[in-house]
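So this block is target-v3.pdb, PDB, C-alpha atoms:
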MODEL        1
ATOM      1  CA  MET A   1      80.752  26.587 -27.112
ATOM      2  CA  ASP A   2      78.601  29.712 -27.376
ATOM      3  CA  GLN A   3      77.230  30.910 -24.040
ATOM      4  CA  ASP A   4      73.966  32.042 -25.652
ATOM      5  CA  ILE A   5      73.021  28.416 -26.334
ATOM      6  CA  PRO A   6      71.936  26.615 -23.136
ATOM      7  CA  ALA A   7      73.751  23.355 -22.399
ATOM      8  CA  VAL A   8      70.351  21.852 -21.520
ATOM      9  CA  THR A   9      69.654  21.570 -25.258
ATOM     10  CA  GLY A  10      72.224  18.776 -25.258
ATOM     11  CA  PHE A  11      74.096  19.995 -28.346
ATOM     12  CA  GLY A  12      77.348  18.947 -26.706
ATOM     13  CA  ASN A  13      76.175  15.318 -26.840
ATOM     14  CA  CYS A  14      75.968  15.216 -30.650
ATOM     15  CA  THR A  15      78.409  12.664 -32.108
ATOM     16  CA  GLY A  16      77.895  13.674 -35.732
ATOM     17  CA  CYS A  17      76.311  10.321 -36.602
ATOM     18  CA  ALA A  18      73.974  12.130 -39.052
ATOM     19  CA  VAL A  19      71.043   9.798 -38.383
ATOM     20  CA  CYS A  20      68.872  12.926 -38.219
ATOM     21  CA  LEU A  21      69.597  13.612 -41.885
ATOM     22  CA  LEU A  22      67.444  10.610 -42.807
ATOM     23  CA  THR A  23      64.292  12.425 -41.713
ATOM     24  CA  CYS A  24      65.269  16.048 -42.454
ATOM     25  CA  PRO A  25      63.298  17.726 -45.277
ATOM     26  CA  VAL A  26      65.878  20.526 -45.493
ATOM     27  CA  TRP A  27      68.642  17.972 -46.121
ATOM     28  CA  ARG A  28      66.609  16.384 -48.893
ATOM     29  CA  ARG A  29      66.179  19.812 -50.456
ATOM     30  CA  THR A  30      69.704  21.216 -50.030
ATOM     31  CA  HIS A  31      72.079  18.266 -49.419
ATOM     32  CA  ASP A  32      74.017  20.720 -47.265
ATOM     33  CA  VAL A  33      74.930  19.287 -43.860
ATOM     34  CA  LEU A  34      75.465  22.763 -42.429
ATOM     35  CA  MET A  35      71.768  23.503 -43.028
ATOM     36  CA  THR A  36      70.738  20.629 -40.728
ATOM     37  CA  ASN A  37      70.653  20.067 -36.994
ATOM     38  CA  CYS A  38      73.755  17.879 -37.277
ATOM     39  CA  GLY A  39      75.616  20.732 -38.927
ATOM     40  CA  ARG A  40      74.499  23.213 -36.289
ATOM     41  CA  THR A  41      75.482  21.043 -33.315
ATOM     42  CA  ARG A  42      78.899  20.127 -34.702
ATOM     43  CA  SER A  43      79.583  23.751 -35.623
ATOM     44  CA  LEU A  44      78.699  24.915 -32.115
ATOM     45  CA  GLN A  45      80.998  22.265 -30.655
ATOM     46  CA  ALA A  46      83.786  23.631 -32.845
ATOM     47  CA  GLY A  47      83.289  27.165 -31.540
ATOM     48  CA  ALA A  48      80.771  28.661 -33.964
ATOM     49  CA  VAL A  49      78.620  31.570 -32.776
ATOM     50  CA  PRO A  50      74.942  32.090 -33.632
ATOM     51  CA  GLU A  51      75.775  34.587 -36.378
ATOM     52  CA  ASP A  52      77.709  31.854 -38.185
ATOM     53  CA  LEU A  53      74.585  29.694 -38.243
ATOM     54  CA  GLU A  54      71.922  32.263 -39.091
ATOM     55  CA  ALA A  55      71.051  30.777 -42.499
ATOM     56  CA  SER A  56      70.953  27.276 -41.026
ATOM     57  CA  ALA A  57      68.734  28.286 -38.099
ATOM     58  CA  GLU A  58      66.310  30.115 -40.391
ATOM     59  CA  ALA A  59      66.151  27.130 -42.778
ATOM     60  CA  CYS A  60      64.769  24.760 -40.126
ATOM     61  CA  LEU A  61      61.094  23.865 -40.672
ATOM     62  CA  PHE A  62      60.566  23.003 -36.982
ATOM     63  CA  CYS A  63      58.968  19.706 -37.986
ATOM     64  CA  GLY A  64      60.560  17.835 -35.063
ATOM     65  CA  ALA A  65      61.350  14.751 -37.147
ATOM     66  CA  CYS A  66      65.040  14.861 -36.174
ATOM     67  CA  ALA A  67      64.213  14.839 -32.452
ATOM     68  CA  ALA A  68      62.542  11.455 -32.761
ATOM     69  CA  VAL A  69      65.592   9.709 -34.188
ATOM     70  CA  CYS A  70      68.518  11.403 -32.416
ATOM     71  CA  PRO A  71      70.313   8.626 -30.491
ATOM     72  CA  SER A  72      72.145  11.184 -28.331
ATOM     73  CA  GLY A  73      69.043  12.910 -26.995
ATOM     74  CA  VAL A  74      69.731  16.364 -28.426
ATOM     75  CA  ASP A  75      66.712  18.648 -27.930
ATOM     76  CA  THR A  76      66.815  19.780 -31.538
ATOM     77  CA  LEU A  77      63.805  22.111 -31.462
ATOM     78  CA  SER A  78      64.998  23.933 -28.343
ATOM     79  CA  LEU A  79      68.460  24.220 -29.847
ATOM     80  CA  THR A  80      67.202  25.883 -33.016
ATOM     81  CA  ALA A  81      64.853  28.127 -31.036
ATOM     82  CA  ALA A  82      67.774  29.174 -28.819
ATOM     83  CA  LEU A  83      69.861  29.990 -31.884
ATOM     84  CA  ARG A  84      67.094  32.116 -33.327
ATOM     85  CA  ALA A  85      66.546  33.839 -29.993
ATOM     86  CA  ALA A  86      70.257  34.639 -29.712
ATOM     87  CA  LEU A  87      70.158  36.131 -33.194
ATOM     88  CA  SER A  88      66.972  38.098 -32.597
ATOM     89  CA  SER A  89      68.450  39.747 -29.518
ATOM     90  CA  LYS A  90      71.047  41.284 -31.808
ATOM     91  CA  ARG A  91      68.604  42.646 -34.396
ATOM     92  CA  LYS A  92      65.413  44.642 -34.174
ATOM     93  CA  ALA A  93      62.442  42.376 -33.437
ATOM     94  CA  ALA A  94      59.389  42.722 -35.652
ATOM     95  CA  GLU A  95      56.454  44.598 -34.165
ATOM     96  CA  ARG A  96      53.750  42.264 -32.926
ATOM     97  CA  ARG A  97      50.155  43.140 -32.189
ATOM     98  CA  ARG A  98      49.627  43.018 -28.443
ATOM     99  CA  CYS A  99      46.600  41.452 -26.859
ATOM    100  CA  GLU A 100      44.818  44.155 -24.853
ATOM    101  CA  THR A 101      41.492  42.488 -24.057
ATOM    102  CA  SER A 102      40.753  39.404 -22.031
ATOM    103  CA  PHE A 103      37.938  37.113 -23.239
ATOM    104  CA  ALA A 104      36.325  34.769 -20.736
ATOM    105  CA  TYR A 105      35.431  31.439 -22.363
ATOM    106  CA  ALA A 106      33.516  29.972 -19.409
ATOM    107  CA  GLY A 107      34.848  26.428 -19.674
ATOM    108  CA  ARG A 108      34.641  26.145 -23.468
ATOM    109  CA  THR A 109      37.110  24.645 -25.917
ATOM    110  CA  VAL A 110      38.988  27.368 -27.802
ATOM    111  CA  LEU A 111      39.809  26.857 -31.490
ATOM    112  CA  LEU A 112      42.952  28.711 -32.548
ATOM    113  CA  PRO A 113      42.532  28.915 -36.341
ATOM    114  CA  GLY A 114      45.654  30.680 -37.604
ATOM    115  CA  PRO A 115      45.651  32.736 -40.819
ATOM    116  CA  ASP A 116      44.836  29.985 -43.357
ATOM    117  CA  LEU A 117      41.706  28.731 -41.613
ATOM    118  CA  ARG A 118      40.629  32.240 -40.622
ATOM    119  CA  ALA A 119      40.752  33.202 -44.311
ATOM    120  CA  ASP A 120      38.114  30.514 -45.066
ATOM    121  CA  ALA A 121      35.167  31.841 -43.089
ATOM    122  CA  LEU A 122      32.748  29.062 -44.091
ATOM    123  CA  LEU A 123      35.126  26.252 -43.144
ATOM    124  CA  LEU A 124      36.050  28.014 -39.896
ATOM    125  CA  GLU A 125      32.380  28.363 -38.946
ATOM    126  CA  LYS A 126      31.715  24.698 -39.707
ATOM    127  CA  LEU A 127      34.709  23.463 -37.702
ATOM    128  CA  ALA A 128      33.806  25.644 -34.726
ATOM    129  CA  LEU A 129      30.288  24.148 -34.745
ATOM    130  CA  LEU A 130      31.620  20.586 -35.049
ATOM    131  CA  LEU A 131      33.966  21.115 -32.126
ATOM    132  CA  GLY A 132      31.544  23.195 -30.070
ATOM    133  CA  ALA A 133      34.428  25.630 -29.783
ATOM    134  CA  ALA A 134      34.800  29.349 -29.311
ATOM    135  CA  VAL A 135      37.008  31.255 -31.765
ATOM    136  CA  PRO A 136      38.982  34.212 -30.385
ATOM    137  CA  PRO A 137      38.790  37.472 -32.335
ATOM    138  CA  GLY A 138      42.561  37.542 -32.851
ATOM    139  CA  ASP A 139      45.481  35.147 -33.234
ATOM    140  CA  GLU A 140      47.575  36.286 -30.289
ATOM    141  CA  LEU A 141      48.578  32.830 -29.045
ATOM    142  CA  PRO A 142      49.492  31.366 -32.481
ATOM    143  CA  ASP A 143      51.290  34.600 -33.356
ATOM    144  CA  LEU A 144      53.274  34.459 -30.140
ATOM    145  CA  ALA A 145      54.169  30.800 -30.762
ATOM    146  CA  ALA A 146      55.260  31.593 -34.313
ATOM    147  CA  ASP A 147      57.406  34.481 -33.136
ATOM    148  CA  LEU A 148      59.102  32.286 -30.547
ATOM    149  CA  ASP A 149      59.852  29.679 -33.222
ATOM    150  CA  ALA A 150      61.290  32.503 -35.334
ATOM    151  CA  GLY A 151      63.594  33.440 -32.452
ATOM    152  CA  LEU A 152      61.830  36.634 -31.406
ATOM    153  CA  ARG A 153      61.952  37.078 -27.657
ATOM    154  CA  ALA A 154      58.643  37.765 -25.916
ATOM    155  CA  ALA A 155      58.536  40.269 -23.087
ATOM    156  CA  PRO A 156      57.017  38.758 -19.906
ATOM    157  CA  GLU A 157      54.106  41.190 -20.052
ATOM    158  CA  GLU A 158      53.335  40.107 -23.632
ATOM    159  CA  LEU A 159      53.149  36.470 -22.617
ATOM    160  CA  ARG A 160      50.989  37.315 -19.608
ATOM    161  CA  ALA A 161      48.603  39.363 -21.775
ATOM    162  CA  ALA A 162      48.347  36.677 -24.456
ATOM    163  CA  THR A 163      47.694  33.854 -22.007
ATOM    164  CA  ALA A 164      45.230  35.974 -20.024
ATOM    165  CA  ALA A 165      43.222  36.345 -23.234
ATOM    166  CA  ALA A 166      42.307  32.663 -22.915
ATOM    167  CA  ASP A 167      40.871  33.092 -19.424
ATOM    168  CA  GLY A 168      38.380  30.324 -18.626
ATOM    169  CA  ALA A 169      39.228  28.020 -21.536
ATOM    170  CA  SER A 170      38.847  24.293 -20.817
ATOM    171  CA  ALA A 171      40.891  23.022 -23.790
ATOM    172  CA  PHE A 172      42.638  24.169 -26.957
ATOM    173  CA  VAL A 173      42.468  22.958 -30.544
ATOM    174  CA  ALA A 174      45.249  24.316 -32.760
ATOM    175  CA  ALA A 175      44.817  24.425 -36.531
ATOM    176  CA  GLU A 176      48.576  24.951 -36.875
ATOM    177  CA  GLY A 177      50.426  22.058 -35.284
ATOM    178  CA  PHE A 178      53.594  24.020 -34.555
ATOM    179  CA  ALA A 179      51.731  25.890 -31.798
ATOM    180  CA  LEU A 180      50.995  22.765 -29.743
ATOM    181  CA  ARG A 181      54.339  22.489 -27.962
ATOM    182  CA  HIS A 182      53.969  26.085 -26.775
ATOM    183  CA  LEU A 183      50.350  25.665 -25.676
ATOM    184  CA  ARG A 184      51.305  22.627 -23.585
ATOM    185  CA  LYS A 185      54.022  24.652 -21.911
ATOM    186  CA  TRP A 186      51.829  27.709 -21.246
ATOM    187  CA  PHE A 187      48.737  25.751 -20.165
ATOM    188  CA  PRO A 188      50.017  22.430 -18.719
ATOM    189  CA  ALA A 189      46.730  21.691 -16.961
ATOM    190  CA  LEU A 190      44.587  22.033 -20.112
ATOM    191  CA  PRO A 191      44.278  19.507 -22.974
ATOM    192  CA  SER A 192      45.724  20.754 -26.272
ATOM    193  CA  LYS A 193      45.043  18.884 -29.519
ATOM    194  CA  GLY A 194      45.748  19.317 -33.178
ATOM    195  CA  LEU A 195      42.796  19.995 -35.449
ATOM    196  CA  GLY A 196      42.897  16.523 -37.011
ATOM    197  CA  GLU A 197      42.835  14.628 -33.740
ATOM    198  CA  ALA A 198      40.018  16.815 -32.416
ATOM    199  CA  LEU A 199      37.854  16.359 -35.535
ATOM    200  CA  LEU A 200      38.294  12.633 -36.054
ATOM    201  CA  GLY A 201      35.755  11.830 -33.364
ATOM    202  CA  SER A 202      32.942  13.284 -35.472
ATOM    203  CA  CYS A 203      34.417  12.996 -38.977
ATOM    204  CA  ARG A 204      36.086   9.588 -39.226
ATOM    205  CA  GLY A 205      32.835   8.048 -40.456
ATOM    206  CA  GLY A 206      33.300   9.963 -43.701
ATOM    207  CA  LEU A 207      36.651   8.313 -44.446
ATOM    208  CA  ARG A 208      36.627   5.313 -46.748
ATOM    209  CA  HIS A 209      38.777   2.881 -48.660
ATOM    210  CA  GLY A 210      40.601   4.727 -51.447
ATOM    211  CA  ASP A 211      41.164   7.903 -49.401
ATOM    212  CA  LEU A 212      44.718   9.056 -48.724
ATOM    213  CA  TYR A 213      44.744  10.713 -45.313
ATOM    214  CA  VAL A 214      47.421  13.380 -44.777
ATOM    215  CA  VAL A 215      48.294  14.217 -41.175
ATOM    216  CA  ASP A 216      49.483  17.605 -39.979
ATOM    217  CA  ALA A 217      53.092  16.498 -39.499
ATOM    218  CA  ARG A 218      53.914  19.138 -36.905
ATOM    219  CA  ALA A 219      50.922  18.214 -34.766
ATOM    220  CA  PHE A 220      51.850  14.534 -35.063
ATOM    221  CA  ASN A 221      55.504  15.080 -34.179
ATOM    222  CA  SER A 222      54.523  17.087 -31.092
ATOM    223  CA  ASP A 223      53.145  13.918 -29.439
ATOM    224  CA  ARG A 224      54.238  11.088 -31.723
ATOM    225  CA  GLY A 225      54.477   8.365 -29.038
ATOM    226  CA  ARG A 226      50.751   8.555 -28.349
ATOM    227  CA  LEU A 227      49.471   9.582 -31.777
ATOM    228  CA  VAL A 228      51.107   6.766 -33.726
ATOM    229  CA  ARG A 229      48.748   4.356 -31.964
ATOM    230  CA  PHE A 230      45.799   6.715 -32.363
ATOM    231  CA  TYR A 231      46.246   7.014 -36.135
ATOM    232  CA  ASP A 232      47.000   3.339 -36.617
ATOM    233  CA  ALA A 233      43.677   2.479 -34.980
ATOM    234  CA  MET A 234      41.926   5.060 -37.179
ATOM    235  CA  ARG A 235      43.477   3.596 -40.331
ATOM    236  CA  GLN A 236      42.371   0.073 -39.453
ATOM    237  CA  GLU A 237      38.878   1.233 -38.555
ATOM    238  CA  THR A 238      38.225   3.326 -41.685
ATOM    239  CA  GLY A 239      40.255   1.486 -44.354
ATOM    240  CA  CYS A 240      41.861   4.689 -45.581
ATOM    241  CA  THR A 241      45.523   4.839 -46.628
ATOM    242  CA  LEU A 242      47.920   6.509 -44.202
ATOM    243  CA  SER A 243      51.718   6.498 -44.261
ATOM    244  CA  ILE A 244      52.859   8.046 -40.994
ATOM    245  CA  SER A 245      56.560   7.268 -41.511
ATOM    246  CA  LEU A 246      56.469   9.153 -44.818
ATOM    247  CA  GLN A 247      54.212  12.038 -43.891
ATOM    248  CA  ARG A 248      55.873  12.918 -40.596
ATOM    249  CA  ALA A 249      59.047  13.820 -42.504
ATOM    250  CA  ALA A 250      57.326  15.719 -45.335
ATOM    251  CA  ILE A 251      56.317  19.255 -44.426
ATOM    252  CA  PRO A 252      54.696  20.683 -47.545
ATOM    253  CA  ALA A 253      53.358  23.875 -45.999
ATOM    254  CA  GLY A 254      56.716  25.294 -44.932
ATOM    255  CA  PRO A 255      57.412  27.104 -41.652
ATOM    256  CA  ALA A 256      55.102  29.515 -39.896
ATOM    257  CA  ARG A 257      57.466  32.423 -40.466
ATOM    258  CA  GLY A 258      59.984  33.173 -43.180
ATOM    259  CA  THR A 259      60.689  31.564 -46.532
ATOM    260  CA  PRO A 260      60.145  27.793 -46.828
ATOM    261  CA  SER A 261      63.376  25.882 -47.272
ATOM    262  CA  ALA A 262      61.631  22.886 -48.810
ATOM    263  CA  ASP A 263      60.008  22.958 -52.244
ATOM    264  CA  SER A 264      56.348  22.722 -51.242
ATOM    265  CA  LYS A 265      55.106  21.097 -54.439
ATOM    266  CA  ALA A 266      57.984  18.608 -54.446
ATOM    267  CA  GLN A 267      57.218  17.657 -50.843
ATOM    268  CA  ALA A 268      53.549  17.117 -51.658
ATOM    269  CA  ARG A 269      54.392  15.018 -54.714
ATOM    270  CA  TRP A 270      56.727  12.943 -52.550
ATOM    271  CA  VAL A 271      53.844  12.189 -50.176
ATOM    272  CA  LEU A 272      51.694  11.129 -53.154
ATOM    273  CA  ASP A 273      54.387   9.006 -54.803
ATOM    274  CA  HIS A 274      53.275   5.387 -55.365
ATOM    275  CA  PHE A 275      49.746   6.198 -54.160
ATOM    276  CA  ARG A 276      46.746   6.377 -56.490
ATOM    277  CA  PRO A 277      44.027   7.680 -54.169
ATOM    278  CA  ARG A 278      40.471   8.440 -55.136
ATOM    279  CA  ARG A 279      40.439  11.367 -52.722
ATOM    280  CA  ILE A 280      42.917  13.165 -50.487
ATOM    281  CA  VAL A 281      41.818  14.253 -47.013
ATOM    282  CA  VAL A 282      44.071  16.717 -45.163
ATOM    283  CA  GLU A 283      44.158  17.947 -41.589
ATOM    284  CA  ALA A 284      46.082  21.210 -42.060
ATOM    285  CA  PRO A 285      44.057  24.010 -43.719
ATOM    286  CA  SER A 286      47.338  25.423 -45.041
ATOM    287  CA  GLU A 287      47.807  22.288 -47.192
ATOM    288  CA  LEU A 288      44.438  22.304 -48.974
ATOM    289  CA  GLY A 289      45.481  24.570 -51.838
ATOM    290  CA  LEU A 290      48.849  22.869 -52.213
ATOM    291  CA  TYR A 291      47.461  19.355 -52.731
ATOM    292  CA  ARG A 292      44.784  20.698 -55.046
ATOM    293  CA  MET A 293      47.567  22.034 -57.272
ATOM    294  CA  VAL A 294      49.454  18.745 -57.569
ATOM    295  CA  ALA A 295      47.013  15.891 -56.971
ATOM    296  CA  GLY A 296      44.556  15.678 -59.866
ATOM    297  CA  VAL A 297      41.925  14.137 -57.548
ATOM    298  CA  PRO A 298      39.439  15.729 -55.122
ATOM    299  CA  VAL A 299      41.125  17.217 -52.050
ATOM    300  CA  LEU A 300      39.022  17.831 -48.941
ATOM    301  CA  HIS A 301      39.584  19.075 -45.453
ATOM    302  CA  LEU A 302      38.725  16.499 -42.786
ATOM    303  CA  GLY A 303      35.981  18.783 -41.456
ATOM    304  CA  GLU A 304      34.194  18.701 -44.804
ATOM    305  CA  LEU A 305      33.441  14.983 -44.341
ATOM    306  CA  ALA A 306      30.986  15.613 -41.508
TER     307      ALA A 306
ENDMDL
END

Give the structure from the file, written as structure tokens.
Amino acid sequence: MDQDIPAVTGFGNCTGCAVCLLTCPVWRRTHDVLMTNCGRTRSLQAGAVPEDLEASAEACLFCGACAAVCPSGVDTLSLTAALRAALSSKRKAAERRRCETSFAYAGRTVLLPGPDLRADALLLEKLALLLGAAVPPGDELPDLAADLDAGLRAAPEELRAATAAADGASAFVAAEGFALRHLRKWFPALPSKGLGEALLGSCRGGLRHGDLYVVDARAFNSDRGRLVRFYDAMRQETGCTLSISLQRAAIPAGPARGTPSADSKAQARWVLDHFRPRRIVVEAPSELGLYRMVAGVPVLHLGELA
């Protein structure tokens, strides 16, 4: 077993049952076991080193769907992150903009938009007003989270500078769900929510029968035990259509870094299969353009319903 991969990830517990393949979007795309968490764990048990698994580690979409079904308790996300970190220590890390200025938010909620939402200035302004949130001038925290998921090691001073930039924040709302697990680790005393959960308080009244609601799967998988009840109550209250079991395994937008391993359009069509919605309402800003390409019906961001 490779010493660069911590035993705490539990990869030694994997029995090769392959239950995780049932929810893995990369498996559905490639039908290559080696490209899945099951393939990575069994290879490590057989003596593989991180370099042997580079393509597999990079292919992971970090959706977290496999973690929910693993009967052996393997920490699949930490395992893949550890693989990427071991690989990044042996190649030159990409340059990352450092946060040099601290912004005091005086007890306000901070909206971390990410590149897709930041590119839509009108939608970003509207969502910030709806949430009563401050928007930082840069994307240091989401960038740092994305780099960690890509296996790029962060120097301690970089992490300190990035977290200091959020001085005084009372809560976080992340437009990119992959960042939530990092925010909860960096700021354990502060609430961190996905954009959909944060907006539903003011926007659910705009949902109606005939709408297909599309969750941000990464945000959902980051706290699925609680959110499954939250979204089930929302579905019953609004009458919209919502298929959590389907959507949590379909990651149309691809990973935050690198080349998507899943065919984005095929994933979106899979979510729409057997549904004939009048409208599609999405949580993730990164998925707006994608569903507009394949749906043939109006596609709105949740914030546009307010």

**Request:** Identify, on the basis of only C-alpha atoms, every residue whose closest approach to Ala145 of chain A does not exceed 10 Å; exclude the query and any residue fewer than 5 positions from it along the same chain; express the result as number ranges by chain.
**Result:** A: 140, 150-152, 154, 159, 178-183, 256

**Prompt:** Applied to this file, what does the PyMOL selection byres ((chain A and resi 56) around 10) return in terms of residues, put as a ChimeraX atom specification?
**Reply:** /A:26,32-37,39-40,50-55,57-60,80,83-84,261

**Fill in**
A straight line from atom CA of Glu176 of chain A to atom CA of Gly114 of chain A spans 6.5 Å

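Using only C-alpha atoms, the nearest neighbour of Arg292 of chain A within the list A:Leu227, A:Leu112, A:Val69, A:Ile280 is A:Ile280.
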
**Asked** A:Pro113, A:Gly10, A:Gly107, A:Gly296: which is nearest Cys70 of chain A, counting only C-alpha atoms?
**Response**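 Ranking A:Pro113, A:Gly10, A:Gly107, A:Gly296 by distance to Cys70 of chain A, first place goes to A:Gly10.
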
Listed atoms of segment 149-165 of chain A, axis-aligned box, 3 Å per side: centre and edge lengths to one decimal in Å, as JSON?
{"center_x": 53.4, "center_y": 35.4, "center_z": -27.5, "size_x": 26.4, "size_y": 17.5, "size_z": 21.7}

**Request:** Would you list the contacts of Leu124 of chain A as a VMD selection string, taking every protein, DNA or RNA residue within 12 Å and counting only C-alpha atoms, but skipping same-chain residues closer than 2 positions in sequence?
**Result:** chain A and resid 111 to 122 126 to 136 175 195 285 301 303 to 304

**Item:** Explicit residues for the PyMOL selection byres ((chain A and resi 221) around 12) (as a PyMOL selection string)
**Value:** chain A and resi 23+62-69+77+177-181+194+215-220+222-228+244-245+247-251

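Using only C-alpha atoms, the shortest contact distance between Leu141 of chain A and any of A:Leu302, A:Ala162, A:Leu87, A:Leu207 is found at A:Ala162.
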